Amino acid sequence: MAKTALIIQQDLILLQVLERMILARQYRCKAIRALDQLDIEDQDQNFDIIISDILFDGIGPLDYVYQLKEIIRHKSLLIITSMGQKKVRQEILEMGQVSGFFSVPFNFDHVEEMLS
């Protein structure tokens with residue numbers, strides 16, 4: 001059975017690049033630009049990995065990570081964001097619910113390693 005991935009990224013170009021990378025690794029993938037694009041069926045899915053930004057209107061980065069944990073079942077969460085604040089990165093990693101945190105620009109090889 002193919003692994004499943006959910007990508008949530010407002011930046012359309014980054015969304016498409018990440019989607020191609022995931023599909024090339026034989027994952028089934030859903031790529032969306034915001035949480036409001038999720039279907040009810042998506043919330044019942046247990047994704048192997050979620051790759052998401054943390055910068056969305058109306059919600060703080062830490063709250064967003066907690067919300068993801070509550071509404072979407074998943075095994076692993078990678079953050080890929082243009083937010084470069086070291087303090088926010090440290091706080092999110094200390095939450096223990098994030099497998100990796102990458103600031104744009106990032107090394108694709110490191111992300112691909114985490115998919116293996």
# chains A, B, ... in the order shown; residues from 1 in each chain; ligands from 1
>>> residues_around(residues="A:Phe56", least_positions_apart="5", cutoff="12 Å", atoms="only C-alpha atoms", output="PDB file with N, CA, C and O atoms, in the first residue's frame")
ATOM      1  N   ILE A   8       0.381  21.266   2.742  1.00  0.00           N
ATOM      2  CA  ILE A   8      -0.387  22.491   2.954  1.00  0.00           C
ATOM      3  C   ILE A   8       0.596  23.650   2.823  1.00  0.00           C
ATOM      4  O   ILE A   8       1.442  23.850   3.686  1.00  0.00           O
ATOM      5  N   GLN A   9       0.474  24.379   1.727  1.00  0.00           N
ATOM      6  CA  GLN A   9       1.448  25.424   1.431  1.00  0.00           C
ATOM      7  C   GLN A   9       0.767  26.526   0.629  1.00  0.00           C
ATOM      8  O   GLN A   9       0.214  26.258  -0.430  1.00  0.00           O
ATOM      9  N   GLN A  10       0.787  27.760   1.138  1.00  0.00           N
ATOM     10  CA  GLN A  10       0.152  28.873   0.433  1.00  0.00           C
ATOM     11  C   GLN A  10       0.899  29.249  -0.838  1.00  0.00           C
ATOM     12  O   GLN A  10       0.290  29.639  -1.822  1.00  0.00           O
ATOM     13  N   ASP A  11       2.207  29.143  -0.826  1.00  0.00           N
ATOM     14  CA  ASP A  11       3.020  29.487  -1.990  1.00  0.00           C
ATOM     15  C   ASP A  11       2.801  28.436  -3.073  1.00  0.00           C
ATOM     16  O   ASP A  11       3.191  27.275  -2.922  1.00  0.00           O
ATOM     17  N   ARG A  33      -3.765  24.566  -0.451  1.00  0.00           N
ATOM     18  CA  ARG A  33      -3.156  25.846  -0.070  1.00  0.00           C
ATOM     19  C   ARG A  33      -3.582  26.330   1.313  1.00  0.00           C
ATOM     20  O   ARG A  33      -2.965  27.231   1.866  1.00  0.00           O
ATOM     21  N   ALA A  34      -4.638  25.732   1.891  1.00  0.00           N
ATOM     22  CA  ALA A  34      -5.101  26.131   3.220  1.00  0.00           C
ATOM     23  C   ALA A  34      -5.958  25.023   3.819  1.00  0.00           C
ATOM     24  O   ALA A  34      -6.510  24.190   3.097  1.00  0.00           O
ATOM     25  N   LEU A  35      -6.071  25.013   5.135  1.00  0.00           N
ATOM     26  CA  LEU A  35      -6.841  23.973   5.824  1.00  0.00           C
ATOM     27  C   LEU A  35      -8.304  23.930   5.410  1.00  0.00           C
ATOM     28  O   LEU A  35      -8.922  22.870   5.455  1.00  0.00           O
ATOM     29  N   ASP A  36      -8.852  25.065   5.000  1.00  0.00           N
ATOM     30  CA  ASP A  36     -10.272  25.069   4.638  1.00  0.00           C
ATOM     31  C   ASP A  36     -10.549  24.298   3.346  1.00  0.00           C
ATOM     32  O   ASP A  36     -11.696  24.097   2.970  1.00  0.00           O
ATOM     33  N   PRO A  61       1.690  30.478  14.747  1.00  0.00           N
ATOM     34  CA  PRO A  61       2.398  29.258  14.364  1.00  0.00           C
ATOM     35  C   PRO A  61       2.279  28.110  15.360  1.00  0.00           C
ATOM     36  O   PRO A  61       2.052  26.959  14.982  1.00  0.00           O
ATOM     37  N   LEU A  62       2.398  28.399  16.653  1.00  0.00           N
ATOM     38  CA  LEU A  62       2.299  27.332  17.657  1.00  0.00           C
ATOM     39  C   LEU A  62       0.884  26.772  17.722  1.00  0.00           C
ATOM     40  O   LEU A  62       0.693  25.551  17.804  1.00  0.00           O
ATOM     41  N   ASP A  63      -0.097  27.651  17.668  1.00  0.00           N
ATOM     42  CA  ASP A  63      -1.487  27.204  17.678  1.00  0.00           C
ATOM     43  C   ASP A  63      -1.799  26.362  16.447  1.00  0.00           C
ATOM     44  O   ASP A  63      -2.542  25.388  16.521  1.00  0.00           O
ATOM     45  N   TYR A  64      -1.216  26.741  15.315  1.00  0.00           N
ATOM     46  CA  TYR A  64      -1.449  26.008  14.080  1.00  0.00           C
ATOM     47  C   TYR A  64      -0.967  24.562  14.210  1.00  0.00           C
ATOM     48  O   TYR A  64      -1.671  23.628  13.826  1.00  0.00           O
ATOM     49  N   VAL A  65       0.212  24.361  14.770  1.00  0.00           N
ATOM     50  CA  VAL A  65       0.745  23.004  14.939  1.00  0.00           C
ATOM     51  C   VAL A  65      -0.173  22.182  15.842  1.00  0.00           C
ATOM     52  O   VAL A  65      -0.469  21.019  15.543  1.00  0.00           O
ATOM     53  N   THR A  81       8.784  26.592   5.810  1.00  0.00           N
ATOM     54  CA  THR A  81       8.218  27.926   5.931  1.00  0.00           C
ATOM     55  C   THR A  81       9.226  29.011   5.584  1.00  0.00           C
ATOM     56  O   THR A  81      10.432  28.784   5.660  1.00  0.00           O
ATOM     57  N   SER A  82       8.719  30.163   5.244  1.00  0.00           N
ATOM     58  CA  SER A  82       9.600  31.309   5.020  1.00  0.00           C
ATOM     59  C   SER A  82       9.840  32.075   6.315  1.00  0.00           C
ATOM     60  O   SER A  82      10.590  33.043   6.335  1.00  0.00           O
ATOM     61  N   MET A  83       9.211  31.635   7.403  1.00  0.00           N
ATOM     62  CA  MET A  83       9.450  32.262   8.710  1.00  0.00           C
ATOM     63  C   MET A  83      10.831  31.840   9.195  1.00  0.00           C
ATOM     64  O   MET A  83      11.085  30.661   9.391  1.00  0.00           O
TER      65      MET A  83
END
>>> select_by_dssp(residues="chain A", states="strand (DSSP E or B)", output="ChimeraX atom specification")
/A:4-8,28-32,46-52,56,59,73-81,100-103
>>> closest_residue(among="A:Phe47, A:Phe102, A:Phe108, A:Tyr27", to="A:Leu78", atoms="only C-alpha atoms")
A:Phe102
>>> residues_around(residues="A:Arg73", least_positions_apart="2", cutoff="12 Å", atoms="only C-alpha atoms", output="list in words")
Thr4, Ala5, Leu6, Glu41, Asp42, Gln43, Asp44, Gln45, Asn46, Phe47, Asp48, Ile49, Ile50, Tyr66, Gln67, Leu68, Lys69, Glu70, Ile71, Lys75, Ser76, Leu77 and Gln97 of chain A
>>> write_last_selection(atoms="N, CA, C and O atoms", output="compact mmCIF listing (two decimals), in the first residue's frame")
# COMPACT_ATOMS: atom_id res chain seq x y z
N THR A 4 0.92 7.84 2.27
CA THR A 4 0.10 9.01 1.98
C THR A 4 0.74 10.28 2.53
O THR A 4 1.36 10.26 3.59
N ALA A 5 0.55 11.36 1.79
CA ALA A 5 1.11 12.65 2.19
C ALA A 5 0.08 13.74 1.98
O ALA A 5 -0.72 13.69 1.05
N LEU A 6 0.13 14.72 2.85
CA LEU A 6 -0.68 15.94 2.73
C LEU A 6 0.28 17.11 2.73
O LEU A 6 1.14 17.21 3.62
N GLU A 41 -13.40 13.52 4.47
CA GLU A 41 -12.68 12.26 4.30
C GLU A 41 -11.20 12.43 4.65
O GLU A 41 -10.57 11.50 5.15
N ASP A 42 -10.64 13.60 4.37
CA ASP A 42 -9.23 13.86 4.67
C ASP A 42 -8.97 13.81 6.17
O ASP A 42 -7.91 13.40 6.61
N GLN A 43 -9.95 14.24 6.94
CA GLN A 43 -9.78 14.24 8.39
C GLN A 43 -9.84 12.84 8.97
O GLN A 43 -9.34 12.59 10.05
N ASP A 44 -10.43 11.90 8.23
CA ASP A 44 -10.46 10.51 8.67
C ASP A 44 -9.21 9.75 8.24
O ASP A 44 -8.94 8.67 8.74
N GLN A 45 -8.49 10.31 7.29
CA GLN A 45 -7.27 9.68 6.77
C GLN A 45 -6.18 9.74 7.83
O GLN A 45 -6.10 10.68 8.61
N ASN A 46 -5.33 8.74 7.86
CA ASN A 46 -4.16 8.77 8.73
C ASN A 46 -2.94 8.94 7.82
O ASN A 46 -2.40 7.96 7.32
N PHE A 47 -2.53 10.18 7.58
CA PHE A 47 -1.43 10.47 6.67
C PHE A 47 -0.11 9.99 7.25
O PHE A 47 0.14 10.14 8.45
N ASP A 48 0.73 9.47 6.39
CA ASP A 48 2.08 9.11 6.84
C ASP A 48 2.89 10.36 7.13
O ASP A 48 3.67 10.38 8.08
N ILE A 49 2.68 11.38 6.32
CA ILE A 49 3.41 12.63 6.52
C ILE A 49 2.57 13.82 6.09
O ILE A 49 1.82 13.75 5.13
N ILE A 50 2.73 14.90 6.85
CA ILE A 50 2.18 16.20 6.46
C ILE A 50 3.37 17.14 6.32
O ILE A 50 4.23 17.20 7.20
N TYR A 66 -0.66 22.78 16.92
CA TYR A 66 -1.60 22.07 17.80
C TYR A 66 -2.89 21.73 17.06
O TYR A 66 -3.43 20.64 17.22
N GLN A 67 -3.38 22.67 16.26
CA GLN A 67 -4.61 22.42 15.49
C GLN A 67 -4.43 21.26 14.53
O GLN A 67 -5.31 20.41 14.40
N LEU A 68 -3.31 21.23 13.83
CA LEU A 68 -3.04 20.12 12.91
C LEU A 68 -3.10 18.79 13.64
O LEU A 68 -3.67 17.82 13.16
N LYS A 69 -2.49 18.75 14.80
CA LYS A 69 -2.45 17.51 15.58
C LYS A 69 -3.87 17.08 15.97
O LYS A 69 -4.16 15.89 16.00
N GLU A 70 -4.72 18.05 16.24
CA GLU A 70 -6.09 17.75 16.68
C GLU A 70 -7.02 17.33 15.54
O GLU A 70 -7.86 16.46 15.72
N ILE A 71 -6.87 17.93 14.37
CA ILE A 71 -7.88 17.70 13.33
C ILE A 71 -7.47 16.71 12.24
O ILE A 71 -8.32 16.20 11.53
N LYS A 75 1.39 10.62 11.08
CA LYS A 75 2.52 10.02 11.77
C LYS A 75 3.69 10.98 11.91
O LYS A 75 4.44 10.93 12.87
N SER A 76 3.86 11.86 10.92
CA SER A 76 5.02 12.74 10.90
C SER A 76 4.61 14.10 10.34
O SER A 76 3.80 14.18 9.42
N LEU A 77 5.20 15.16 10.89
CA LEU A 77 4.91 16.52 10.44
C LEU A 77 6.22 17.23 10.16
O LEU A 77 7.10 17.31 11.02
N GLN A 97 6.14 17.52 18.52
CA GLN A 97 5.16 17.01 17.57
C GLN A 97 5.59 17.23 16.13
O GLN A 97 4.85 16.94 15.20
>>> residues_around(residues="A:Leu12", least_positions_apart="6", cutoff="10 Å", atoms="only C-alpha atoms", output="list in words")
Leu18, Ala31, Ile32 and Arg33 of chain A
